[in-house]
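What follows is a set of notes on a single structure, which appears directly below.
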Amino acid sequence: MTPLLTRLRFLAVAIFVLLPLGCTSSLVSSQESHISGTAAYRERMALPPQAELHLVLYEVTSDGSREPVKEHDLVIQGQIPVAFTLSGILPQAEAYELEASILADGAILFATAAPAVVHSGDANVRLMLHRVLSEQPVSSSLPSPSATDLMEKQWVLSRLHGEPVQKFPDQPAPHLIFTPESTGMIRLSGSDGCNRLIGTCQFTEHSVQFSQMGSTMMLCPAGDKQARAFARALASTTNWRFANAQKDQLELLNGDEPLLVLKAQPIQ
């Protein structure tokens, strides 16, 4: 046999041997899939900054036990619903179970009440989380509130019942200003985004009461519904707290339910 014929035969054998390996690798990669969907909760409350969505995917074995096969953490940008994707899922089980929780500062705020049954390739999974009540308040690591930190600042409304606040052209941004009086009371002024607001308020370490509230009665080109919702939320407020260590984000609550989130700005 000539050397050339020997080399050609060896090359043909090598191609025959390597071809199935390449096909097998392509087949394995094509089997990889993903699971995607959204996570949400029903409570009307805003999430603290840097809240995270934690996902755990379990494989259910034949004896009924569960083995975690993938975990994923996602910093939540904005508010709910939160979109997620778990990639690189191999169909090694007929079905999986997926659990989710939302955490902030190491505390679990929301969690799924029961695992959701999912399959590799599912693209519209909807996880509904429920509030987790703990013995310690979530904000226990935040600074103790002091009413003096509220004074002589413009507190601009950023979220109302968990939803972003609209700023309408040629109308003031909804805001509050707290000014101490010689009588020990605190005078409230500001705007609901259309009309001027006036009133008084009393603060303790955690509670607040707004009283003698009044406003001008102008007709607004836009934002009347938001302005009325702002006024109702103020009338329903019972508690307050700072939402961060810098004390430049204020939450007004009814019990444990956040109603308003305001951010500090210099008075203009």
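Just remember, in the structure tokens the first chain shown is A, the second B, etc., residues are 1-based per chain, and ligands are 1-based in the order shown.
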Query raised in the report: Which polymer residues have any atom within 12 Å of an atom of Asp122 (chain A), counting only C-alpha atoms, with same-chain residues fewer than 2 positions away left out, as a ChimeraX atom specification?
Result: /A:33-38,84-87,89,91,95-96,98,116-120,124-126
Report task. Compile the contact shell of Glu257 (chain A) as a ChimeraX atom specification: residues with an atom at most 12 Å away, counting only C-alpha atoms, same-chain residues fewer than 5 positions apart removed. Result -> /A:43-47,131,160-162,233,236-241,251-252
Requested in this report: Provide the CA of Thr179 (chain A) to CA of Pro258 (chain A) distance in Å, to one decimal place.
Outcome: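 Interatomic distance, CA of Thr179 (chain A) to CA of Pro258 (chain A): 23.2 Å.
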Query raised in the report: At what distance in Å, to one decimal, does CA of Tyr41 (chain A) lie from CA of Gly88 (chain A)?
Result: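 Straight-line distance from CA of Gly88 (chain A) to CA of Tyr41 (chain A) works out to 26.8 Å.
If you look at CA of Ala173 (chain A) and CA of Ser189 (chain A), they are 13.0 Å away from each other.
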Report task. Pick out the residues sitting within 9 Å of Arg159 (chain A), and hand them over as an NGL selection string; count only C-alpha atoms, and ignore anything fewer than 6 positions along from it in its own chain. Result -> :A and (46 or 165 or 259-262)
Can you write out the residues you just picked, keeping N, CA and C atoms, as a PDB file, in the first residue's frame?
ATOM      1  N   ALA A  46     -43.929  49.456  48.867  1.00  0.00           N
ATOM      2  CA  ALA A  46     -42.708  49.591  48.090  1.00  0.00           C
ATOM      3  C   ALA A  46     -41.591  48.763  48.714  1.00  0.00           C
ATOM      4  N   VAL A 165     -44.610  58.396  41.077  1.00  0.00           N
ATOM      5  CA  VAL A 165     -45.412  59.622  41.029  1.00  0.00           C
ATOM      6  C   VAL A 165     -45.123  60.379  39.739  1.00  0.00           C
ATOM      7  N   LEU A 259     -47.460  54.033  52.633  1.00  0.00           N
ATOM      8  CA  LEU A 259     -48.375  54.783  51.780  1.00  0.00           C
ATOM      9  C   LEU A 259     -47.625  55.731  50.857  1.00  0.00           C
ATOM     10  N   LEU A 260     -46.642  56.426  51.422  1.00  0.00           N
ATOM     11  CA  LEU A 260     -45.912  57.448  50.688  1.00  0.00           C
ATOM     12  C   LEU A 260     -44.413  57.280  50.892  1.00  0.00           C
ATOM     13  N   VAL A 261     -43.649  57.508  49.839  1.00  0.00           N
ATOM     14  CA  VAL A 261     -42.195  57.550  49.931  1.00  0.00           C
ATOM     15  C   VAL A 261     -41.757  58.914  49.401  1.00  0.00           C
ATOM     16  N   LEU A 262     -40.997  59.658  50.205  1.00  0.00           N
ATOM     17  CA  LEU A 262     -40.578  61.009  49.853  1.00  0.00           C
ATOM     18  C   LEU A 262     -39.055  61.098  49.967  1.00  0.00           C
TER      19      LEU A 262
END
Requested in this report: DSSP on the backbone, then: every residue of region 3-248 of chain A marked strand (DSSP E or B), written as a ChimeraX atom specification.
Outcome: /A:33-41,52-60,66-75,82-89,96-104,107-112,116-118,125-131,151,154-160,163-164,175-180,186-191,196-203,207-215,239-242
For the residues in the current selection, export C-alpha atoms as a short mmCIF file (atom, residue, chain, number, x, y, z; two decimals), in the first residue's frame.
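Final file, again-v3.cif:
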data_model
loop_
_atom_site.label_atom_id
_atom_site.label_comp_id
_atom_site.auth_asym_id
_atom_site.auth_seq_id
_atom_site.Cartn_x
_atom_site.Cartn_y
_atom_site.Cartn_z
CA SER A 33 -33.17 25.20 28.09
CA HIS A 34 -34.34 27.93 30.43
CA ILE A 35 -37.20 28.79 32.75
CA SER A 36 -38.45 32.36 32.83
CA GLY A 37 -41.34 34.32 34.27
CA THR A 38 -42.23 36.98 36.84
CA ALA A 39 -42.46 37.24 40.63
CA ALA A 40 -44.94 39.56 42.37
CA TYR A 41 -46.90 40.10 45.57
CA GLU A 52 -33.09 40.94 46.03
CA LEU A 53 -35.11 38.14 44.46
CA HIS A 54 -33.77 34.72 45.51
CA LEU A 55 -34.78 31.69 43.41
CA VAL A 56 -34.14 28.02 44.16
CA LEU A 57 -34.92 25.28 41.61
CA TYR A 58 -35.35 21.74 42.96
CA GLU A 59 -35.35 18.36 41.23
CA VAL A 60 -37.82 15.92 42.77
CA ARG A 66 -35.83 17.21 46.69
CA GLU A 67 -32.38 18.19 45.50
CA PRO A 68 -31.51 21.81 44.67
CA VAL A 69 -30.10 22.05 41.15
CA LYS A 70 -29.86 25.82 40.65
CA GLU A 71 -29.94 29.01 42.71
CA HIS A 72 -30.15 32.53 41.37
CA ASP A 73 -30.06 35.97 43.03
CA LEU A 74 -31.30 39.07 41.25
CA VAL A 75 -31.06 42.67 42.51
CA VAL A 82 -39.85 41.23 38.74
CA ALA A 83 -38.83 39.39 35.56
CA PHE A 84 -36.37 36.49 35.93
CA THR A 85 -34.67 33.85 33.80
CA LEU A 86 -32.97 30.62 34.93
CA SER A 87 -30.72 29.46 32.09
CA GLY A 88 -28.75 26.28 31.46
CA ILE A 89 -31.55 23.94 32.60
CA TYR A 96 -39.07 20.71 38.88
CA GLU A 97 -40.18 22.76 41.86
CA LEU A 98 -39.35 26.46 42.07
CA GLU A 99 -39.36 28.57 45.24
CA ALA A 100 -38.78 32.32 45.51
CA SER A 101 -38.24 34.92 48.21
CA ILE A 102 -37.54 38.65 48.36
CA LEU A 103 -34.93 39.78 50.88
CA ALA A 104 -33.57 43.09 52.15
CA ALA A 107 -34.45 39.69 56.23
CA ILE A 108 -37.07 37.82 54.20
CA LEU A 109 -39.90 40.18 53.26
CA PHE A 110 -41.90 37.95 50.90
CA ALA A 111 -41.83 34.25 49.98
CA THR A 112 -43.82 31.69 48.04
CA ALA A 116 -44.45 25.98 41.99
CA VAL A 117 -44.24 22.99 39.65
CA VAL A 118 -42.32 23.99 36.51
CA VAL A 125 -44.06 31.19 35.05
CA ARG A 126 -45.92 33.48 37.45
CA LEU A 127 -44.84 33.31 41.07
CA MET A 128 -47.05 34.95 43.69
CA LEU A 129 -45.22 35.72 46.93
CA HIS A 130 -46.75 36.46 50.32
CA ARG A 131 -45.57 38.78 53.05
CA MET A 151 -37.06 70.06 59.34
CA GLN A 154 -38.29 69.78 50.84
CA TRP A 155 -39.61 66.20 50.88
CA VAL A 156 -40.54 65.40 47.28
CA LEU A 157 -43.03 62.58 46.74
CA SER A 158 -41.52 59.71 44.71
CA ARG A 159 -43.96 56.82 45.26
CA LEU A 160 -47.66 56.76 46.12
CA GLU A 163 -46.43 53.39 42.26
CA PRO A 164 -44.12 56.05 40.75
CA HIS A 175 -43.89 67.76 48.20
CA LEU A 176 -44.00 68.52 51.93
CA ILE A 177 -42.03 70.96 54.10
CA PHE A 178 -41.92 70.68 57.90
CA THR A 179 -41.22 73.84 59.92
CA PRO A 180 -41.00 73.92 63.76
CA ILE A 186 -44.80 71.51 63.51
CA ARG A 187 -46.23 73.46 60.61
CA LEU A 188 -46.80 71.61 57.34
CA SER A 189 -46.72 73.26 53.93
CA GLY A 190 -46.20 72.06 50.40
CA SER A 191 -48.16 71.01 47.35
CA ARG A 196 -50.96 74.32 47.98
CA LEU A 197 -51.16 72.30 51.21
CA ILE A 198 -51.14 73.65 54.76
CA GLY A 199 -51.65 72.03 58.14
CA THR A 200 -49.99 70.94 61.37
CA CYS A 201 -48.49 67.67 62.52
CA GLN A 202 -47.17 65.97 65.63
CA PHE A 203 -44.32 63.47 65.60
CA SER A 207 -46.00 57.82 65.08
CA VAL A 208 -47.27 60.93 63.33
CA GLN A 209 -50.61 62.71 63.14
CA PHE A 210 -51.57 65.30 60.53
CA SER A 211 -54.32 67.75 61.49
CA GLN A 212 -55.97 71.00 60.41
CA MET A 213 -55.20 70.10 56.81
CA GLY A 214 -56.31 72.50 54.10
CA SER A 215 -55.54 73.34 50.50
CA ASN A 239 -46.44 55.96 61.40
CA TRP A 240 -43.22 57.16 59.86
CA ARG A 241 -39.62 56.05 59.44
CA PHE A 242 -36.46 56.73 57.48
#
Report task. Give the helix (DSSP H, G or I) residues of region 14-258 of chain A, as DSSP finds them on the backbone, and put them as a PyMOL selection string. Result -> chain A and resi 14-31+138-141+147-150+224-236
Can you spit out the residues from that selection as a short mmCIF file (atom, residue, chain, number, x, y, z; two decimals), in the first residue's frame, using N, CA, C and O atoms?
data_model
loop_
_atom_site.label_atom_id
_atom_site.label_comp_id
_atom_site.auth_asym_id
_atom_site.auth_seq_id
_atom_site.Cartn_x
_atom_site.Cartn_y
_atom_site.Cartn_z
N ALA A 14 -10.24 8.77 11.14
CA ALA A 14 -10.27 9.83 12.16
C ALA A 14 -11.53 10.65 12.05
O ALA A 14 -12.17 11.00 13.05
N ILE A 15 -11.95 10.97 10.81
CA ILE A 15 -13.18 11.74 10.63
C ILE A 15 -14.38 10.95 11.10
O ILE A 15 -15.28 11.46 11.76
N PHE A 16 -14.40 9.64 10.81
CA PHE A 16 -15.52 8.77 11.22
C PHE A 16 -15.63 8.68 12.73
O PHE A 16 -16.72 8.67 13.29
N VAL A 17 -14.47 8.68 13.43
CA VAL A 17 -14.47 8.57 14.89
C VAL A 17 -14.88 9.87 15.54
O VAL A 17 -15.65 9.91 16.49
N LEU A 18 -14.41 11.02 15.01
CA LEU A 18 -14.67 12.31 15.64
C LEU A 18 -16.05 12.84 15.35
O LEU A 18 -16.62 13.58 16.16
N LEU A 19 -16.64 12.46 14.21
CA LEU A 19 -17.94 13.00 13.83
C LEU A 19 -19.02 12.72 14.85
O LEU A 19 -19.75 13.62 15.26
N PRO A 20 -19.18 11.50 15.38
CA PRO A 20 -20.22 11.25 16.39
C PRO A 20 -20.01 12.05 17.66
O PRO A 20 -20.96 12.46 18.29
N LEU A 21 -18.73 12.28 18.03
CA LEU A 21 -18.46 13.04 19.24
C LEU A 21 -18.95 14.47 19.09
O LEU A 21 -19.55 15.04 20.00
N GLY A 22 -18.71 15.06 17.92
CA GLY A 22 -19.18 16.41 17.68
C GLY A 22 -20.69 16.48 17.68
O GLY A 22 -21.29 17.40 18.20
N CYS A 23 -21.35 15.49 17.10
CA CYS A 23 -22.81 15.47 17.08
C CYS A 23 -23.37 15.33 18.47
O CYS A 23 -24.36 15.96 18.82
N THR A 24 -22.72 14.50 19.31
CA THR A 24 -23.20 14.31 20.68
C THR A 24 -23.10 15.61 21.47
O THR A 24 -24.01 15.98 22.20
N SER A 25 -21.97 16.35 21.28
CA SER A 25 -21.81 17.61 22.00
C SER A 25 -22.87 18.61 21.59
O SER A 25 -23.43 19.32 22.40
N SER A 26 -23.16 18.68 20.28
CA SER A 26 -24.19 19.59 19.81
C SER A 26 -25.55 19.22 20.34
O SER A 26 -26.35 20.07 20.70
N LEU A 27 -25.82 17.90 20.44
CA LEU A 27 -27.11 17.43 20.94
C LEU A 27 -27.30 17.81 22.39
O LEU A 27 -28.36 18.27 22.80
N VAL A 28 -26.23 17.67 23.20
CA VAL A 28 -26.32 18.00 24.62
C VAL A 28 -26.60 19.48 24.80
O VAL A 28 -27.47 19.88 25.58
N SER A 29 -25.86 20.34 24.02
CA SER A 29 -26.06 21.77 24.19
C SER A 29 -27.44 22.20 23.74
O SER A 29 -28.02 23.12 24.29
N SER A 30 -27.97 21.49 22.67
CA SER A 30 -29.29 21.88 22.20
C SER A 30 -30.38 21.50 23.19
O SER A 30 -31.47 22.04 23.14
N GLN A 31 -30.09 20.56 24.11
CA GLN A 31 -31.07 20.17 25.09
C GLN A 31 -31.16 21.16 26.24
O GLN A 31 -32.15 21.16 26.97
N VAL A 138 -38.37 45.06 59.89
CA VAL A 138 -37.37 45.05 58.83
C VAL A 138 -36.41 46.21 58.96
O VAL A 138 -35.23 46.12 58.67
N SER A 139 -36.90 47.33 59.46
CA SER A 139 -36.08 48.54 59.53
C SER A 139 -35.30 48.66 60.83
O SER A 139 -34.84 49.73 61.18
N SER A 140 -35.15 47.54 61.56
CA SER A 140 -34.49 47.62 62.86
C SER A 140 -33.04 48.06 62.76
O SER A 140 -32.49 48.60 63.70
N SER A 141 -32.40 47.85 61.58
CA SER A 141 -31.02 48.27 61.42
C SER A 141 -30.92 49.73 60.98
O SER A 141 -29.82 50.25 60.84
N ALA A 147 -37.58 63.75 64.66
CA ALA A 147 -38.30 64.75 63.87
C ALA A 147 -37.40 65.91 63.45
O ALA A 147 -37.66 66.56 62.44
N THR A 148 -36.34 66.16 64.20
CA THR A 148 -35.45 67.27 63.84
C THR A 148 -34.78 67.03 62.48
O THR A 148 -34.40 67.99 61.80
N ASP A 149 -34.62 65.77 62.10
CA ASP A 149 -34.00 65.46 60.80
C ASP A 149 -34.94 65.73 59.64
O ASP A 149 -34.53 65.67 58.48
N LEU A 150 -36.21 66.02 59.94
CA LEU A 150 -37.18 66.31 58.88
C LEU A 150 -37.26 67.78 58.54
O LEU A 150 -37.76 68.14 57.47
N ASP A 224 -55.35 65.58 38.88
CA ASP A 224 -56.29 65.74 39.98
C ASP A 224 -56.46 64.44 40.77
O ASP A 224 -56.54 64.45 41.99
N LYS A 225 -56.51 63.30 40.06
CA LYS A 225 -56.69 62.01 40.74
C LYS A 225 -55.51 61.71 41.66
O LYS A 225 -55.68 61.26 42.79
N GLN A 226 -54.28 61.98 41.19
CA GLN A 226 -53.09 61.76 42.00
C GLN A 226 -53.08 62.69 43.21
O GLN A 226 -52.72 62.27 44.32
N ALA A 227 -53.48 63.93 43.02
CA ALA A 227 -53.51 64.90 44.12
C ALA A 227 -54.48 64.46 45.21
O ALA A 227 -54.17 64.55 46.42
N ARG A 228 -55.65 63.97 44.83
CA ARG A 228 -56.63 63.52 45.82
C ARG A 228 -56.15 62.27 46.55
O ARG A 228 -56.36 62.12 47.76
N ALA A 229 -55.46 61.37 45.83
CA ALA A 229 -54.91 60.17 46.47
C ALA A 229 -53.80 60.54 47.45
O ALA A 229 -53.67 59.92 48.52
N PHE A 230 -53.00 61.56 47.14
CA PHE A 230 -51.96 62.06 48.04
C PHE A 230 -52.58 62.58 49.33
O PHE A 230 -52.14 62.25 50.45
N ALA A 231 -53.65 63.37 49.21
CA ALA A 231 -54.31 63.93 50.39
C ALA A 231 -54.93 62.83 51.25
O ALA A 231 -54.84 62.87 52.49
N ARG A 232 -55.54 61.84 50.63
CA ARG A 232 -56.13 60.74 51.39
C ARG A 232 -55.06 59.94 52.12
O ARG A 232 -55.26 59.50 53.26
N ALA A 233 -53.91 59.73 51.47
CA ALA A 233 -52.82 58.99 52.10
C ALA A 233 -52.28 59.73 53.32
O ALA A 233 -51.99 59.12 54.36
N LEU A 234 -52.16 61.05 53.23
CA LEU A 234 -51.72 61.84 54.38
C LEU A 234 -52.70 61.71 55.54
O LEU A 234 -52.30 61.55 56.70
N ALA A 235 -54.00 61.75 55.22
CA ALA A 235 -55.01 61.63 56.28
C ALA A 235 -54.99 60.25 56.92
O ALA A 235 -55.37 60.10 58.09
N SER A 236 -54.51 59.22 56.20
CA SER A 236 -54.48 57.85 56.72
C SER A 236 -53.17 57.51 57.41
O SER A 236 -53.03 56.43 57.98
#
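When only C-alpha atoms are used to compute distances to Glu152 (chain A), the closest of the residues A:Leu250, A:Ile267, A:Ala123, A:Leu90 turns out to be A:Ile267.
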Query raised in the report: From the set A:Pro115, A:Thr216, A:Pro48, A:Gln92, which residue has the shortest atom-to-atom contact distance to Gln249 (chain A), counting only C-alpha atoms?
Result: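 Result for the nearest residue to Gln249 (chain A): A:Pro48.
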